[in-house]
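Below is one structure, written out as structure tokens, with a few remarks after it.
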Amino acid sequence: MTTLLTRKGDLSEMKNYRPLSLANCDHKNFTRILNLRMMGVLTKLINCNQIDFVPGKYVVENDLRCQLIMDDAQRQYDIAE
């Protein structure tokens with residue numbers, strides 16, 4: 001969709017109008033709606049341990065889990081000796 005916006009000056013002259021395309025607005029609205037619909041489905045499809053590229057989850061969580069596992073393994077190894 002294209003519409004004309006007015007510029008300053010005499011409105012009877014075509015040089016005082018400029019076209020404005022609204023195609024980007026349609027694309028933005030479509031992708032926003034698609035994203036909202038997909039988020040409802042993706043929460044069921046993505047494993048709960050998946051952290052990357054999931055809104056509300058952070059990579060640091062996996063780093064912390066890994067560090068806790070390594071610390072626990074080290075303690076178990078120290079006890080066994």
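Chain identifiers are assigned as A, B, and so on, following the order in which chains appear in the structure tokens; residues are numbered from 1 within each chain, and ligands are numbered from 1 in order of appearance.
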Could you pull the residues within 12 Å of stretch 36-39 of chain A, counting only C-alpha atoms, minus those fewer than 6 positions along the same chain, as a ChimeraX atom specification? /A:29-30,45-46,53-56
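From atom CA of A:Lys28 back to atom CA of A:Tyr58, the distance works out to 26.2 Å.
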Selection: 7 Å around A:Thr2, only C-alpha atoms, excl. self and same-chain fewer than 6 positions, as a PDB file with N, CA and C atoms, in the first residue's frame:
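Written output follows (selection-v8.pdb):
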ATOM      1  N   PRO A  19       5.748   9.943  -1.743  1.00  0.00           N
ATOM      2  CA  PRO A  19       5.090   8.650  -1.510  1.00  0.00           C
ATOM      3  C   PRO A  19       5.643   7.974  -0.252  1.00  0.00           C
ATOM      4  N   LEU A  20       4.792   7.251   0.416  1.00  0.00           N
ATOM      5  CA  LEU A  20       5.184   6.474   1.589  1.00  0.00           C
ATOM      6  C   LEU A  20       4.616   5.072   1.423  1.00  0.00           C
ATOM      7  N   SER A  21       5.498   4.087   1.392  1.00  0.00           N
ATOM      8  CA  SER A  21       5.079   2.698   1.238  1.00  0.00           C
ATOM      9  C   SER A  21       4.886   2.075   2.617  1.00  0.00           C
ATOM     10  N   LEU A  22       3.782   1.391   2.809  1.00  0.00           N
ATOM     11  CA  LEU A  22       3.466   0.756   4.089  1.00  0.00           C
ATOM     12  C   LEU A  22       3.741  -0.737   4.068  1.00  0.00           C
TER      13      LEU A  22
END
Please identify which residues in chain A DSSP calls helix (DSSP H, G or I) from the backbone, and express them as a PyMOL selection string. chain A and resi 14-16+23-45+59-80
Would you kindly return, as number ranges by chain, each protein, DNA or RNA residue with an atom no farther than 7 Å from any atom of A:Tyr17, considering only C-alpha atoms and excluding same-chain residues fewer than 2 positions away? A: 4-7, 14-15, 19
Using the chain letters and numbers from this document, which residues of chain A does DSSP assign to strand (DSSP E), as JSON, numbers by chain? {"A": [2, 3, 4, 5, 6, 17, 18, 19, 20, 21]}
Output file for the residues above (N, CA and C atoms, as a tab-separated table (two decimals), in the first residue's frame):
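File result.tsv, as written:
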chain	number	residue	atom	x	y	z
A	2	THR	N	0.56	2.21	-0.80
A	2	THR	CA	1.33	3.45	-0.88
A	2	THR	C	0.38	4.62	-0.67
A	3	THR	N	0.83	5.58	0.11
A	3	THR	CA	0.05	6.79	0.36
A	3	THR	C	0.94	8.00	0.12
A	4	LEU	N	0.34	9.16	-0.02
A	4	LEU	CA	1.10	10.38	-0.26
A	4	LEU	C	1.13	11.24	0.99
A	5	LEU	N	2.31	11.69	1.36
A	5	LEU	CA	2.47	12.62	2.47
A	5	LEU	C	2.77	14.01	1.91
A	6	THR	N	2.23	15.01	2.57
A	6	THR	CA	2.44	16.37	2.08
A	6	THR	C	3.69	16.99	2.68
A	17	TYR	N	4.41	16.64	-2.57
A	17	TYR	CA	3.94	15.35	-2.05
A	17	TYR	C	5.07	14.33	-2.17
A	18	ARG	N	5.10	13.41	-1.25
A	18	ARG	CA	6.07	12.32	-1.36
A	18	ARG	C	5.38	11.00	-1.04
A	19	PRO	N	5.75	9.94	-1.74
A	19	PRO	CA	5.09	8.65	-1.51
A	19	PRO	C	5.64	7.97	-0.25
A	20	LEU	N	4.79	7.25	0.42
A	20	LEU	CA	5.18	6.47	1.59
A	20	LEU	C	4.62	5.07	1.42
A	21	SER	N	5.50	4.09	1.39
A	21	SER	CA	5.08	2.70	1.24
A	21	SER	C	4.89	2.07	2.62
How many Å separate atom CA of A:Ala80 from atom CA of A:Cys66? 21.2 Å
